[in-house]
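Pasted below: target-v7.pdb, PDB, C-alpha atoms, pLDDT in the B column.
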```pdb
ATOM      1  CA  MET H   2      -4.272   1.985   4.731  1.00 89.00           C
ATOM      2  CA  ILE H   3      -1.999  -0.974   5.399  1.00 95.00           C
ATOM      3  CA  ARG H   4      -2.066  -2.442   8.905  1.00 95.00           C
ATOM      4  CA  LEU H   5       0.147  -5.248  10.199  1.00 96.00           C
ATOM      5  CA  GLU H   6      -1.064  -7.228  13.204  1.00 96.00           C
ATOM      6  CA  ASN H   7       1.400  -9.612  14.842  1.00 95.00           C
ATOM      7  CA  ALA H   8       2.879 -10.229  11.388  1.00 96.00           C
ATOM      8  CA  GLY H   9       5.550 -12.872  11.066  1.00 96.00           C
ATOM      9  CA  LYS H  10       7.315 -14.655   8.220  1.00 96.00           C
ATOM     10  CA  ALA H  11       9.468 -17.768   8.553  1.00 95.00           C
ATOM     11  CA  TYR H  12      11.237 -20.223   6.277  1.00 92.00           C
ATOM     12  CA  ARG H  13      12.799 -23.626   6.813  1.00 89.00           C
ATOM     13  CA  ASP H  14      16.528 -23.734   6.236  1.00 85.00           C
ATOM     14  CA  ARG H  15      18.390 -26.626   4.622  1.00 86.00           C
ATOM     15  CA  ARG H  16      18.490 -28.486   7.933  1.00 87.00           C
ATOM     16  CA  GLY H  17      14.721 -28.194   8.265  1.00 86.00           C
ATOM     17  CA  GLN H  18      14.908 -25.667  11.094  1.00 90.00           C
ATOM     18  CA  ILE H  19      12.548 -22.677  11.175  1.00 91.00           C
ATOM     19  CA  GLN H  20      14.206 -19.305  10.655  1.00 92.00           C
ATOM     20  CA  TRP H  21      12.138 -16.169  11.276  1.00 93.00           C
ATOM     21  CA  VAL H  22      12.710 -13.240   8.927  1.00 94.00           C
ATOM     22  CA  PHE H  23      10.542 -11.041  11.120  1.00 94.00           C
ATOM     23  CA  ARG H  24       8.003 -11.649  13.848  1.00 93.00           C
ATOM     24  CA  ASN H  25       5.416  -9.808  15.962  1.00 94.00           C
ATOM     25  CA  LEU H  26       5.353  -6.805  13.655  1.00 94.00           C
ATOM     26  CA  HIS H  27       2.705  -4.182  14.363  1.00 94.00           C
ATOM     27  CA  ALA H  28       2.515  -1.162  12.063  1.00 93.00           C
ATOM     28  CA  VAL H  29       0.119   1.167  10.268  1.00 93.00           C
ATOM     29  CA  PHE H  30       1.012   2.786   6.942  1.00 93.00           C
ATOM     30  CA  THR H  31      -1.568   5.437   6.111  1.00 90.00           C
ATOM     31  CA  ASP H  32      -2.855   6.588   2.731  1.00 88.00           C
ATOM     32  CA  SER H  33      -1.487  10.097   3.281  1.00 85.00           C
ATOM     33  CA  GLU H  34       2.235   9.653   3.895  1.00 89.00           C
ATOM     34  CA  HIS H  35       5.430   8.607   2.180  1.00 93.00           C
ATOM     35  CA  HIS H  36       7.065   6.229   4.664  1.00 95.00           C
ATOM     36  CA  ALA H  37      10.409   4.432   4.631  1.00 95.00           C
ATOM     37  CA  VAL H  38      11.409   1.135   6.192  1.00 96.00           C
ATOM     38  CA  LEU H  39      15.170   1.355   6.706  1.00 96.00           C
ATOM     39  CA  ALA H  40      16.867  -2.024   6.945  1.00 94.00           C
ATOM     40  CA  PRO H  41      20.460  -3.249   6.612  1.00 92.00           C
ATOM     41  CA  ARG H  42      20.961  -5.662   3.743  1.00 88.00           C
ATOM     42  CA  GLY H  43      19.688  -9.150   4.480  1.00 88.00           C
ATOM     43  CA  GLN H  44      17.252  -8.073   7.185  1.00 91.00           C
ATOM     44  CA  GLY H  45      14.040  -8.883   5.287  1.00 92.00           C
ATOM     45  CA  LYS H  46      12.945  -5.696   3.559  1.00 91.00           C
ATOM     46  CA  THR H  47      12.129  -7.459   0.270  1.00 92.00           C
ATOM     47  CA  THR H  48      10.240 -10.193   2.103  1.00 94.00           C
ATOM     48  CA  LEU H  49       8.254  -7.559   3.994  1.00 95.00           C
ATOM     49  CA  LEU H  50       7.175  -5.813   0.793  1.00 94.00           C
ATOM     50  CA  ASN H  51       6.275  -9.099  -0.887  1.00 94.00           C
ATOM     51  CA  THR H  52       3.990 -10.065   1.986  1.00 95.00           C
ATOM     52  CA  ILE H  53       2.401  -6.612   2.062  1.00 95.00           C
ATOM     53  CA  CYS H  54       1.485  -6.714  -1.633  1.00 93.00           C
ATOM     54  CA  GLY H  55       0.433 -10.378  -1.563  1.00 92.00           C
ATOM     55  CA  ASN H  56       3.271 -11.886  -3.580  1.00 91.00           C
ATOM     56  CA  ASP H  57       4.042 -13.973  -0.490  1.00 93.00           C
ATOM     57  CA  THR H  58       2.009 -15.077   2.521  1.00 95.00           C
ATOM     58  CA  LEU H  59       2.593 -14.530   6.212  1.00 96.00           C
ATOM     59  CA  SER H  60       3.484 -17.419   8.485  1.00 96.00           C
ATOM     60  CA  GLU H  61       1.477 -15.829  11.288  1.00 96.00           C
ATOM     61  CA  GLY H  62      -0.543 -12.695  11.952  1.00 96.00           C
ATOM     62  CA  LYS H  63      -2.580 -10.589   9.544  1.00 96.00           C
ATOM     63  CA  ILE H  64      -2.256  -7.781   7.024  1.00 95.00           C
ATOM     64  CA  HIS H  65      -5.285  -5.522   6.577  1.00 95.00           C
ATOM     65  CA  ARG H  66      -5.447  -3.613   3.295  1.00 94.00           C
ATOM     66  CA  SER H  67      -8.054  -0.931   2.659  1.00 90.00           C
ATOM     67  CA  ALA H  68      -6.528   0.541  -0.508  1.00 89.00           C
ATOM     68  CA  ARG H  69      -5.067  -0.662  -3.794  1.00 93.00           C
ATOM     69  CA  ILE H  70      -1.427  -1.680  -3.303  1.00 94.00           C
ATOM     70  CA  SER H  71       1.107  -2.036  -6.092  1.00 94.00           C
ATOM     71  CA  TYR H  72       3.584  -4.801  -6.677  1.00 91.00           C
ATOM     72  CA  PRO H  73       7.207  -3.673  -5.989  1.00 88.00           C
ATOM     73  CA  ALA H  74       8.457  -1.273  -8.650  1.00 83.00           C
ATOM     74  CA  ASP H  75      11.103  -3.664 -10.019  1.00 75.00           C
ATOM     75  CA  PHE H  76       9.004  -6.859  -9.861  1.00 73.00           C
ATOM     76  CA  ARG H  77       9.734  -8.293 -13.316  1.00 71.00           C
ATOM     77  CA  SER H  78       7.288 -11.197 -13.079  1.00 74.00           C
ATOM     78  CA  ALA H  79       4.404  -8.735 -13.485  1.00 77.00           C
ATOM     79  CA  LEU H  80       5.257  -8.393 -17.181  1.00 89.00           C
ATOM     80  CA  SER H  81       5.725 -10.719 -20.147  1.00 91.00           C
ATOM     81  CA  GLN H  82       8.842 -10.296 -22.278  1.00 91.00           C
ATOM     82  CA  LYS H  83       7.038 -11.892 -25.240  1.00 94.00           C
ATOM     83  CA  LEU H  84       4.246  -9.294 -25.321  1.00 95.00           C
ATOM     84  CA  THR H  85       4.526  -5.763 -26.636  1.00 97.00           C
ATOM     85  CA  GLY H  86       4.370  -2.835 -24.272  1.00 96.00           C
ATOM     86  CA  ARG H  87       0.806  -2.142 -25.417  1.00 97.00           C
ATOM     87  CA  GLN H  88      -0.219  -5.773 -24.836  1.00 97.00           C
ATOM     88  CA  ASN H  89       1.327  -5.751 -21.368  1.00 96.00           C
ATOM     89  CA  ILE H  90      -0.693  -2.659 -20.485  1.00 96.00           C
ATOM     90  CA  ARG H  91      -3.829  -4.384 -21.769  1.00 97.00           C
ATOM     91  CA  PHE H  92      -3.102  -7.391 -19.552  1.00 95.00           C
ATOM     92  CA  LEU H  93      -2.309  -5.313 -16.459  1.00 95.00           C
ATOM     93  CA  SER H  94      -5.328  -3.047 -16.871  1.00 96.00           C
ATOM     94  CA  ASP H  95      -7.592  -6.101 -17.086  1.00 96.00           C
ATOM     95  CA  VAL H  96      -5.994  -7.700 -14.018  1.00 93.00           C
ATOM     96  CA  TYR H  97      -6.218  -4.560 -11.899  1.00 93.00           C
ATOM     97  CA  GLY H  98      -9.557  -3.327 -13.212  1.00 95.00           C
ATOM     98  CA  VAL H  99      -8.537   0.052 -14.609  1.00 96.00           C
ATOM     99  CA  SER H 100      -9.187   1.797 -17.911  1.00 97.00           C
ATOM    100  CA  PHE H 101      -6.918   0.417 -20.617  1.00 97.00           C
ATOM    101  CA  ALA H 102      -7.055   3.663 -22.604  1.00 97.00           C
ATOM    102  CA  GLN H 103      -6.080   5.819 -19.629  1.00 97.00           C
ATOM    103  CA  ALA H 104      -3.326   3.438 -18.521  1.00 97.00           C
ATOM    104  CA  LEU H 105      -1.919   3.259 -22.062  1.00 97.00           C
ATOM    105  CA  ASP H 106      -1.957   7.038 -22.493  1.00 97.00           C
ATOM    106  CA  PHE H 107      -0.157   7.575 -19.184  1.00 97.00           C
ATOM    107  CA  CYS H 108       2.424   4.853 -19.788  1.00 97.00           C
ATOM    108  CA  ALA H 109       3.215   6.006 -23.313  1.00 96.00           C
ATOM    109  CA  ALA H 110       3.599   9.636 -22.251  1.00 96.00           C
ATOM    110  CA  PHE H 111       5.570   8.976 -19.069  1.00 96.00           C
ATOM    111  CA  SER H 112       7.934   6.398 -20.572  1.00 95.00           C
ATOM    112  CA  GLU H 113       8.370   8.340 -23.827  1.00 94.00           C
ATOM    113  CA  LEU H 114       8.800   5.049 -25.701  1.00 95.00           C
ATOM    114  CA  GLY H 115       6.916   6.110 -28.834  1.00 94.00           C
ATOM    115  CA  ARG H 116       6.693   3.306 -31.418  1.00 94.00           C
ATOM    116  CA  GLN H 117       8.520   0.914 -29.106  1.00 95.00           C
ATOM    117  CA  MET H 118       5.224   0.463 -27.253  1.00 96.00           C
ATOM    118  CA  ASP H 119       4.279  -1.868 -30.136  1.00 96.00           C
ATOM    119  CA  LEU H 120       7.459  -3.939 -30.005  1.00 96.00           C
ATOM    120  CA  PRO H 121       7.960  -7.056 -27.823  1.00 96.00           C
ATOM    121  CA  MET H 122       9.564  -6.249 -24.495  1.00 94.00           C
ATOM    122  CA  LYS H 123      12.330  -8.764 -25.213  1.00 94.00           C
ATOM    123  CA  SER H 124      13.587  -6.336 -27.883  1.00 95.00           C
ATOM    124  CA  TYR H 125      13.933  -3.474 -25.364  1.00 95.00           C
ATOM    125  CA  SER H 126      17.289  -2.402 -23.997  1.00 93.00           C
ATOM    126  CA  ASN H 127      17.702  -2.633 -20.226  1.00 90.00           C
ATOM    127  CA  GLN H 128      17.107   1.098 -19.810  1.00 91.00           C
ATOM    128  CA  THR H 129      14.041   1.056 -22.053  1.00 93.00           C
ATOM    129  CA  ARG H 130      12.649  -1.959 -20.225  1.00 92.00           C
ATOM    130  CA  GLY H 131      13.157  -0.181 -16.912  1.00 90.00           C
ATOM    131  CA  ARG H 132      11.370   2.945 -18.133  1.00 92.00           C
ATOM    132  CA  PHE H 133       8.457   0.841 -19.302  1.00 94.00           C
ATOM    133  CA  MET H 134       8.232  -1.191 -16.077  1.00 92.00           C
ATOM    134  CA  VAL H 135       8.015   1.841 -13.817  1.00 92.00           C
ATOM    135  CA  SER H 136       5.660   3.713 -16.162  1.00 95.00           C
ATOM    136  CA  ALA H 137       3.369   0.689 -16.365  1.00 95.00           C
ATOM    137  CA  LEU H 138       3.164   0.460 -12.577  1.00 95.00           C
ATOM    138  CA  LEU H 139       2.394   4.166 -12.186  1.00 95.00           C
ATOM    139  CA  SER H 140      -0.263   3.971 -14.910  1.00 96.00           C
ATOM    140  CA  LEU H 141      -2.416   1.586 -12.865  1.00 96.00           C
ATOM    141  CA  GLY H 142      -3.593   4.122 -10.288  1.00 94.00           C
ATOM    142  CA  PHE H 143      -2.438   2.356  -7.124  1.00 95.00           C
ATOM    143  CA  LYS H 144      -2.976   4.204  -3.852  1.00 94.00           C
ATOM    144  CA  HIS H 145       0.156   2.681  -2.295  1.00 94.00           C
ATOM    145  CA  VAL H 146       3.293   2.402  -4.429  1.00 94.00           C
ATOM    146  CA  LEU H 147       5.862  -0.069  -3.095  1.00 94.00           C
ATOM    147  CA  ILE H 148       9.554   0.478  -3.806  1.00 92.00           C
ATOM    148  CA  ASP H 149      12.177  -2.137  -3.008  1.00 88.00           C
ATOM    149  CA  ASP H 150      15.427  -0.325  -2.212  1.00 81.00           C
ATOM    150  CA  MET H 151      15.072   2.493  -4.780  1.00 76.00           C
ATOM    151  CA  ILE H 152      13.843   3.176  -8.292  1.00 81.00           C
ATOM    152  CA  ASN H 153      16.968   1.998 -10.072  1.00 75.00           C
ATOM    153  CA  LEU H 154      15.449   1.432 -13.509  1.00 76.00           C
ATOM    154  CA  GLY H 155      15.909   3.460 -16.658  1.00 72.00           C
ATOM    155  CA  ASP H 156      18.529   6.154 -17.230  1.00 83.00           C
ATOM    156  CA  MET H 157      19.445   8.825 -14.687  1.00 88.00           C
ATOM    157  CA  LYS H 158      17.147  11.418 -16.275  1.00 92.00           C
ATOM    158  CA  PHE H 159      14.201   9.032 -16.025  1.00 91.00           C
ATOM    159  CA  ARG H 160      14.978   8.167 -12.386  1.00 89.00           C
ATOM    160  CA  LYS H 161      14.940  11.854 -11.503  1.00 91.00           C
ATOM    161  CA  LYS H 162      11.627  12.177 -13.340  1.00 94.00           C
ATOM    162  CA  CYS H 163      10.151   9.334 -11.260  1.00 92.00           C
ATOM    163  CA  LEU H 164      11.392  10.844  -8.013  1.00 91.00           C
ATOM    164  CA  GLN H 165       9.883  14.225  -8.916  1.00 94.00           C
ATOM    165  CA  TYR H 166       6.582  12.590  -9.871  1.00 94.00           C
ATOM    166  CA  LEU H 167       6.340  10.805  -6.512  1.00 92.00           C
ATOM    167  CA  GLN H 168       7.259  13.975  -4.647  1.00 91.00           C
ATOM    168  CA  ASP H 169       4.516  15.874  -6.474  1.00 92.00           C
ATOM    169  CA  SER H 170       1.863  13.158  -5.988  1.00 91.00           C
ATOM    170  CA  ARG H 171       1.466  13.173  -2.207  1.00 88.00           C
ATOM    171  CA  ASP H 172      -2.215  14.121  -2.518  1.00 88.00           C
ATOM    172  CA  ARG H 173      -2.929  11.149  -4.820  1.00 90.00           C
ATOM    173  CA  LEU H 174      -0.805   8.279  -3.569  1.00 93.00           C
ATOM    174  CA  ALA H 175       1.355   7.042  -0.712  1.00 94.00           C
ATOM    175  CA  VAL H 176       4.832   5.582  -1.070  1.00 94.00           C
ATOM    176  CA  LEU H 177       6.203   2.771   1.062  1.00 95.00           C
ATOM    177  CA  ILE H 178       9.896   2.283   0.374  1.00 94.00           C
ATOM    178  CA  ALA H 179      12.006  -0.414   2.020  1.00 93.00           C
ATOM    179  CA  THR H 180      15.660   0.437   1.584  1.00 93.00           C
ATOM    180  CA  SER H 181      19.165   0.389   2.999  1.00 92.00           C
ATOM    181  CA  ASP H 182      19.834   3.856   1.565  1.00 92.00           C
ATOM    182  CA  PRO H 183      18.464   6.490   3.984  1.00 94.00           C
ATOM    183  CA  ASP H 184      19.726   9.355   1.806  1.00 92.00           C
ATOM    184  CA  TYR H 185      17.519   8.235  -1.069  1.00 91.00           C
ATOM    185  CA  ALA H 186      14.542   7.659   1.230  1.00 92.00           C
ATOM    186  CA  ALA H 187      14.945  11.129   2.758  1.00 93.00           C
ATOM    187  CA  ARG H 188      14.167  12.654  -0.629  1.00 91.00           C
ATOM    188  CA  LEU H 189      10.689  11.116  -0.470  1.00 90.00           C
ATOM    189  CA  CYS H 190       9.775  10.442   3.153  1.00 92.00           C
ATOM    190  CA  THR H 191       9.202  12.406   6.356  1.00 88.00           C
ATOM    191  CA  SER H 192       8.719   9.377   8.622  1.00 92.00           C
ATOM    192  CA  ALA H 193      10.431   6.014   8.824  1.00 95.00           C
ATOM    193  CA  SER H 194      10.769   2.713  10.652  1.00 96.00           C
ATOM    194  CA  VAL H 195      13.856   0.589  11.207  1.00 96.00           C
ATOM    195  CA  LEU H 196      13.721  -3.166  10.543  1.00 95.00           C
ATOM    196  CA  HIS H 197      16.467  -5.095  12.312  1.00 94.00           C
ATOM    197  CA  GLU H 198      16.722  -8.629  13.665  1.00 92.00           C
ATOM    198  CA  GLY H 199      13.063  -9.235  12.935  1.00 91.00           C
ATOM    199  CA  LYS H 200      11.786  -6.191  14.837  1.00 93.00           C
ATOM    200  CA  LEU H 201      10.241  -3.014  13.424  1.00 94.00           C
ATOM    201  CA  THR H 202      10.729   0.248  15.331  1.00 95.00           C
ATOM    202  CA  HIS H 203       8.706   3.288  14.227  1.00 94.00           C
ATOM    203  CA  PHE H 204       9.954   6.896  14.291  1.00 93.00           C
ATOM    204  CA  GLU H 205       7.757   9.915  13.608  1.00 87.00           C
ATOM    205  CA  ASN H 206      10.794  11.971  12.666  1.00 91.00           C
ATOM    206  CA  PHE H 207      12.844  10.748   9.730  1.00 94.00           C
ATOM    207  CA  GLU H 208      16.153  12.022  11.091  1.00 94.00           C
ATOM    208  CA  ASP H 209      15.674  10.024  14.299  1.00 95.00           C
ATOM    209  CA  ALA H 210      15.150   6.910  12.180  1.00 95.00           C
ATOM    210  CA  ARG H 211      18.198   7.710  10.083  1.00 95.00           C
ATOM    211  CA  ALA H 212      20.376   8.061  13.191  1.00 95.00           C
ATOM    212  CA  ALA H 213      19.133   4.747  14.608  1.00 95.00           C
ATOM    213  CA  PHE H 214      19.660   2.997  11.279  1.00 95.00           C
ATOM    214  CA  ASN H 215      23.182   4.382  10.828  1.00 94.00           C
ATOM    215  CA  GLU H 216      24.167   3.135  14.267  1.00 93.00           C
ATOM    216  CA  ILE H 217      22.832  -0.353  13.531  1.00 93.00           C
ATOM    217  CA  ASN H 218      24.226  -0.449  10.000  1.00 89.00           C
ATOM    218  CA  LYS H 219      27.833   0.054  11.168  1.00 86.00           C
ATOM    219  CA  ILE H 220      28.210  -3.671  11.703  1.00 81.00           C
ATOM    220  CA  TYR H 221      26.970  -4.492   8.158  1.00 72.00           C
ATOM    221  CA  VAL H 222      29.315  -2.246   6.157  1.00 66.00           C
TER
END
```

What would the structure in this file look like if it were written as C-alpha cells?
Amino acid sequence: MIRLENAGKAYRDRRGQIQWVFRNLHAVFTDSEHHAVLAPRGQGKTTLLNTICGNDTLSEGKIHRSARISYPADFRSALSQKLTGRQNIRFLSDVYGVSFAQALDFCAAFSELGRQMDLPMKSYSNQTRGRFMVSALLSLGFKHVLIDDMINLGDMKFRKKCLQYLQDSRDRLAVLIATSDPDYAARLCTSASVLHEGKLTHFENFEDARAAFNEINKIYV
C-alpha cells in the first residue's frame, strides 16, 4: 500500500520564491488495483511519482509505503550504459535484494535480447535499450510498478507485450500510472484520480475521472 498524508512538494524559482507543485495531497493506492493519476502536462505527475518511489523528497507531509515500489519505468539513471545487460541485472538484484538467477532468467526471456545481454548497454539501439530497461524493472518483483506517462520504450510489438503482461498480472502486482493520456490508462486501470493545480481528486469510476480530466485539459491543448 502507498498512503499520502498531507503530501506537498515545492521548489524555489529563479527569483527565490517558493512554488508548490502540489500540496495537501491525501490518497491511498492499494496493492490490489491498477490506478491512474490523470494530469495535464506540466501539472506535476513526474514529480509525484518521483516522491512516491523515493527519487525525490517531500517538502511537507508523509508517504507511507508497506510494499516494494519500483522506480518509474523509463528512469534511465537506474542503469549503467557501461555495464552489460547481465551486469546491470546483477547490480539491480543486489540493490533490491532479489535472486540474481531468477531476475536474469526473466529479463532475458521477456526482452528476447539473446547474446546482447552480454554486450554493454551503450552498444544497444534505442529500441533494444528500451526493451531491456522495462524487462529489467519487471524482473525485480516489485509489488507496485510506477509508469510515467506510458510505456513508450521498445518497438510497438514489445509495448503491446508489456501492456498484456500488466493486464494479466493483477493478482501479483499493482500499477500506478501518472499520465496525460486517459485512453492509454483506460487499458490498464478501473479507477483514477485527477491532479490539477496542486490538488488530487479521486474517482472510483474511471470514466468519471476521464470526463473530469477532459474538461480540465481543454485549456492545455

What would the list of residues within 6 Å of (12.9, 5.1, -0.7) (file frame) look like as a tab-separated table (two decimals) with C-alpha atoms, in the coordinates of the input, if all atoms listed in the file are what count?
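Here's the written file selection-v3.tsv:
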```
chain	number	residue	atom	x	y	z
H	37	ALA	CA	10.41	4.43	4.63
H	151	MET	CA	15.07	2.49	-4.78
H	178	ILE	CA	9.90	2.28	0.37
H	180	THR	CA	15.66	0.44	1.58
H	185	TYR	CA	17.52	8.24	-1.07
H	186	ALA	CA	14.54	7.66	1.23
```

Residues returned when the PyMOL selection byres ((chain H and resi 101) around 10) runs on this file, as a ChimeraX atom specification: /H:87,90-95,98-100,102-107,140-141

Ground truth for the PyMOL selection byres ((chain H and resi 23) around 6), written as an NGL selection string: :H and (9-10 or 21-22 or 24 or 199)

Contacts of region 174-215 of chain H with region 47-65 of chain H up to 12 Å, shortest pair per row, all atoms listed in the file, as a tab-separated table:
```
residue	atom	partner	partner_atom	distance
H:Val176	CA	H:Leu50	CA	11.8
H:Leu177	CA	H:Leu50	CA	8.6
H:Ile178	CA	H:Leu50	CA	8.6
H:Ala179	CA	H:Thr47	CA	7.3
H:Thr180	CA	H:Thr47	CA	8.7
H:Ser181	CA	H:Thr47	CA	10.9
H:Leu196	CA	H:Leu49	CA	9.6
H:His197	CA	H:Leu49	CA	11.9
H:Gly199	CA	H:Leu49	CA	10.3
H:Lys200	CA	H:Leu49	CA	11.5
H:Leu201	CA	H:Leu49	CA	10.7
```

Test item: the PyMOL selection byres ((chain H and resi 193) around 9) resolved as a list in words: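 Answer for the PyMOL selection byres ((chain H and resi 193) around 9): His35, His36, Ala37, Val38, Leu39, Ala186, Cys190, Thr191, Ser192, Ser194, Val195, Thr202, His203, Phe204, Glu205, Asn206, Phe207, Glu208, Asp209, Ala210 and Arg211 of chain H.
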
Among the residues H:Ser71, H:Ser112, H:Asn7, H:Gln128, the one that comes closest to Val29 (chain H) [using only C-alpha atoms]: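 Closest candidate: H:Asn7.
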
Local residues around (-5.1, -0.9, -3.2), at most 7 Å away, using all atoms listed in the file, as a PyMOL selection string: chain H and resi 67-71+143-145

Two-atom distance - CA of Leu139 (chain H), CA of Asp119 (chain H) (Å): 19.0 Å

Atom pair CA of Arg15 (chain H) / CA of Gly43 (chain H): separation (Å):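 Computing it gives 17.5 Å between the two atoms.
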
One-decimal distance in Å that lies between CA of Leu138 (chain H) and CA of Gly86 (chain H): 12.2 Å

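Closest approach to Ser124 (chain H) from the set H:Leu189, H:Ala213, H:Leu84, H:Ala137 is made by H:Leu84, with distances taken over all atoms listed in the file.
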
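Each of H:Ile148, H:Met157, H:Leu174, H:Met134 was compared to Leu114 (chain H) using only C-alpha atoms, and H:Met134 turns out to be the nearest.
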
Option closest in space to Asp156 (chain H), from H:Tyr221, H:Tyr97, H:Phe133, H:Tyr72 [counting only C-alpha atoms]: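 Nearest to Asp156 (chain H): H:Phe133.
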
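Counting all atoms listed in the file and comparing H:Thr85, H:Glu216, H:Asp184, H:Ser136, the residue that lies closest to Arg160 (chain H) is H:Ser136.
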